[in-house]
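Asker: This is the structure, below, for whatever I ask next.
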Amino acid sequence: MTLQRQKLRIVLLDTDQGASLQLGRRLMSVRSNPYELVRLDNWAQAAAMLAEGEVKAVLARSEFLGQNTDIAVPMIHLANEPEFDRIPEQATDSIWDQASASELIRCLNYAIERFTLVNALDRASSYDPLTGVCNRFMIHDRLKLGMRRALRNNEPLAVFFIDLDNFRHVNDTLGQTAGDLIIQEVVVRLRRVLRNTDTVGRMGSDEFAVIVEEYSKPSNLLQIAQKLTSEMAEPFNVNNESLLLGCSIGIATYPEAGQTVDSLMLHANMAMLQAKSQRGCNFHFYDDRINLQANNLIEFEASLRQALRRNQLELHYQPRVDLSTGNIVGLEGLIRWRHPERGLLGPNEFIPLAEETGLIIPMGYWVAARACHDLAQLQRRRMPPIHIAVNVSFRQFQDSQLLPTITRLLDKTSIDPRWLEFELTETAVMQNADQVLLTMQGMTGLGVRFSLDDFGTGFSSFMHLQRLPIDLLKIDRSFVKGISESASDRQLVAAMIDLGHSLGLEVVAEGVEDRRQLEALRQMGCDQVQGFFISPAMPFEELCYFIDAYSMGRNAEPAVATKLK
């Protein structure tokens, strides 16, 4: 027994029942004909059938053309006379009603295949393949049309620019597949909050835009923003891992925040950056003050570029003391910017901008060169051997010139590389652990050593720490701060020290500000300390006097010697 293949439905819009019967009989005379004709008298009937989704094409007489062009299937003009020179504008194709059955079948086949292909190409060029939402180009078109409607109808319109927090860490640690699952889940959450009439678009890897029209009053935008941040603050579950990401949202309204597509998108993005600077799940509405801040930021970036060229950067050093001997055994180099108008700026005031603009790479090389120069100066003055540690960013680790540049600096200054130390943060180590490990192995081959900075603030595991060629763990000051008063903080810091020792590493506590903290750390078995209780960071010449005075004081006065012992 053979199953009869279900025929594909074609709607025939024709008021002449006799002519449509003849056309149907011609089609039925072909055994392999895949189509079934259904004659209807008007577009209302056709629209109802099209809504059911079982119609493959519409054959329409001339009088029906132009009445309804917004259909999701091809429309073919059924002509009374042969047409060789033109096809009606509203139609995909045209065929004479006296054409043979085989010609009609070929025409239908071609029209359906071509319509399907054009739709697929249009979708590929307009929609994000991973999520199915609008891509960057489509969101710009939708925004342009929305702004026209808003102007014509005097209705409000707003753009939300959404950026996921910590998404790069997910991609780098769990892989792209996990990242894709999170992006798809983000779209599900956005749709859960938004109306069907709101437009969602994916602007980049972890960036989204939402167009909200006819929201009636500004307080509704506030509610939408609050719901979105609440949704994104919930954990994402991927491969049995629970991840907290969060998001930053910038909101720009038309026409207050911009009267063109580009200006509105730019200002929504600027508001998002303002939200991101506040940390945590936040949103921010654009206003003119943000524009002023952005202009100031551009000027600040230009000044920072000039600072590199005009020798306005300085490297200050904070001593690191061995708790068992009281001796200064290391120095941490901390960059400062001697701004001509704003005075001496700490790293927190310009390093984030340097990271964002890429200036961190030449700045990092300047720091390394300065540290090598100063280490050579210490060796020429015949001071006791001291490690000099400088920070290196993950972006610099990705630079192909890192290894040859450090090699060149070591050769030029003739320093003993054993006393040069590079500090990496946990976050930098985890961004691309395999690449970081390869680079570290290449640099340790030169004789330099590494320490892990801000330990406890990142995501590193025991397994990762075992693999890395590091010599020291530096416990972040945020953990040291409460050890004098809090038993739980003392337990946490003691566990970190024990972990470091179990890996064969020395442990340094940062941010030591008083004797009680120092004594607590000594009792826990911490190896070294640094912080304001020892000394703040100071310029190189001042540091040299400090080292001399510190050594002389310890030798001359036993009371001073017992201060750190």
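In the structure tokens, chains take the letters A, B, ... in the order shown, each chain's residues start at 1, and ligands count up from 1 in the order shown.
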What parts of stretch 365-495 of chain A does DSSP call strand (DSSP E)? I'd like the answer as a PyMOL selection string.

Answerer: chain A and resi 387-391+420-425+449-455+472-475

Asker: Where does stretch 240-319 of chain A meet stretch 176-196 of chain A within 12 Å, residue by residue, with the nearest atom pair and distance in Å to one decimal for each, counting only C-alpha atoms, listed by chain and rising number, as a tab-separated table?

Answerer:
residue	atom	partner	partner_atom	distance
A:Asn240	CA	A:Ala178	CA	10.7
A:Glu241	CA	A:Ala178	CA	9.9
A:Ser242	CA	A:Ile182	CA	11.2
A:Leu243	CA	A:Ile182	CA	9.6
A:Leu244	CA	A:Ile182	CA	11.0
A:Leu245	CA	A:Ile182	CA	9.8
A:Gly246	CA	A:Val186	CA	10.4
A:Cys247	CA	A:Val186	CA	10.3

Asker: Would you output that residue set with N, CA and C atoms, as a compact mmCIF listing (two decimals), in the first residue's frame?

Answerer:
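Saved result, out14.txt, follows:
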# COMPACT_ATOMS: atom_id res chain seq x y z
N ASN A 240 25.91 22.75 34.43
CA ASN A 240 25.92 22.51 35.87
C ASN A 240 26.74 23.55 36.65
N GLU A 241 27.04 24.66 35.99
CA GLU A 241 27.73 25.78 36.66
C GLU A 241 26.74 26.91 36.85
N SER A 242 26.73 27.52 38.02
CA SER A 242 25.88 28.67 38.29
C SER A 242 26.74 29.93 38.21
N LEU A 243 26.42 30.81 37.26
CA LEU A 243 27.26 31.98 36.98
C LEU A 243 26.48 33.26 37.22
N LEU A 244 27.11 34.20 37.91
CA LEU A 244 26.53 35.53 38.11
C LEU A 244 27.21 36.51 37.16
N LEU A 245 26.43 37.11 36.27
CA LEU A 245 27.01 38.05 35.30
C LEU A 245 26.55 39.47 35.58
N GLY A 246 25.25 39.71 35.51
CA GLY A 246 24.76 41.07 35.64
C GLY A 246 24.89 41.84 34.34
N CYS A 247 24.45 43.08 34.35
CA CYS A 247 24.51 43.89 33.12
C CYS A 247 24.55 45.37 33.47

Asker: So that I can see what lies close to A:Gln278, please list as a list of chain:residue names the residues with an atom at most 12 Å from it, counting only C-alpha atoms and leaving out residues fewer than 6 positions away in the same chain.

Answerer: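 Selected residues are A:Asp165, A:Cys247, A:Ser248, A:Ile249, A:Ala271, A:Met272, A:His284.
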
Asker: How would the residues just chosen look if you wrote them out with C-alpha atoms as a PDB file, in the first residue's frame?

Answerer:
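Output saved as again-v8.pdb:
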ATOM      1  CA  ASP A 165      29.234  42.154  32.754  1.00  0.00           C
ATOM      2  CA  CYS A 247      24.509  43.891  33.119  1.00  0.00           C
ATOM      3  CA  SER A 248      24.879  47.627  32.574  1.00  0.00           C
ATOM      4  CA  ILE A 249      22.111  49.512  30.751  1.00  0.00           C
ATOM      5  CA  ALA A 271      24.914  56.146  29.297  1.00  0.00           C
ATOM      6  CA  MET A 272      25.683  52.411  29.477  1.00  0.00           C
ATOM      7  CA  HIS A 284      21.677  55.162  33.620  1.00  0.00           C
TER       8      HIS A 284
END

Asker: Would you give me, as a VMD selection string, the residues in stretch 247-372 of chain A that DSSP reads as alpha helix (DSSP H)?

Answerer: chain A and resid 261 to 276 288 to 309 351 to 357 360 to 372

Asker: If we count only C-alpha atoms, what is near A:Pro340 at a cut-off of 9 Å, once residues fewer than 3 positions away on the same chain are taken out, given as a VMD selection string?

Answerer: chain A and resid 312 343 to 344

Asker: Would you kindly return, as a PyMOL selection string, each protein, DNA or RNA residue with an atom no farther than 9 Å from any atom of A:Val133, considering only C-alpha atoms and excluding same-chain residues fewer than 2 positions away?

Answerer: chain A and resi 126-131+135+187+199-202

Asker: Please determine, counting only C-alpha atoms, which residue among A:Phe115, A:Tyr286, A:Trp96, A:Phe540 has the shortest atom-to-atom distance to A:Glu314.

Answerer: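 Counting only C-alpha atoms, the residue closest to A:Glu314 is A:Phe540.
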
Asker: As a ChimeraX atom specification, please: the residues near stretch 410-421 of chain A (cut-off 8 Å, only C-alpha atoms, same-chain neighbours under 6 positions excluded).

Answerer: /A:372-373,375-376,379,385-390,446-451

Asker: Output C-alpha atoms of each residue in that selection to a file, as a PDB file, in the first residue's frame.

Answerer:
ATOM      1  CA  CYS A 372      65.126  47.749  35.008  1.00  0.00           C
ATOM      2  CA  HIS A 373      66.901  51.119  35.049  1.00  0.00           C
ATOM      3  CA  LEU A 375      67.262  48.065  39.616  1.00  0.00           C
ATOM      4  CA  ALA A 376      70.568  48.681  37.818  1.00  0.00           C
ATOM      5  CA  GLN A 379      73.036  47.355  42.069  1.00  0.00           C
ATOM      6  CA  PRO A 385      69.856  42.545  46.668  1.00  0.00           C
ATOM      7  CA  ILE A 386      66.168  43.543  46.483  1.00  0.00           C
ATOM      8  CA  HIS A 387      63.410  42.293  44.182  1.00  0.00           C
ATOM      9  CA  ILE A 388      61.584  44.927  42.141  1.00  0.00           C
ATOM     10  CA  ALA A 389      58.058  43.892  41.161  1.00  0.00           C
ATOM     11  CA  VAL A 390      55.929  45.586  38.498  1.00  0.00           C
ATOM     12  CA  LEU A 446      65.029  34.583  30.934  1.00  0.00           C
ATOM     13  CA  GLY A 447      65.469  34.274  34.709  1.00  0.00           C
ATOM     14  CA  VAL A 448      62.695  36.652  35.901  1.00  0.00           C
ATOM     15  CA  ARG A 449      60.064  35.500  38.386  1.00  0.00           C
ATOM     16  CA  PHE A 450      56.304  35.974  38.868  1.00  0.00           C
ATOM     17  CA  SER A 451      53.929  36.710  41.722  1.00  0.00           C
TER      18      SER A 451
END
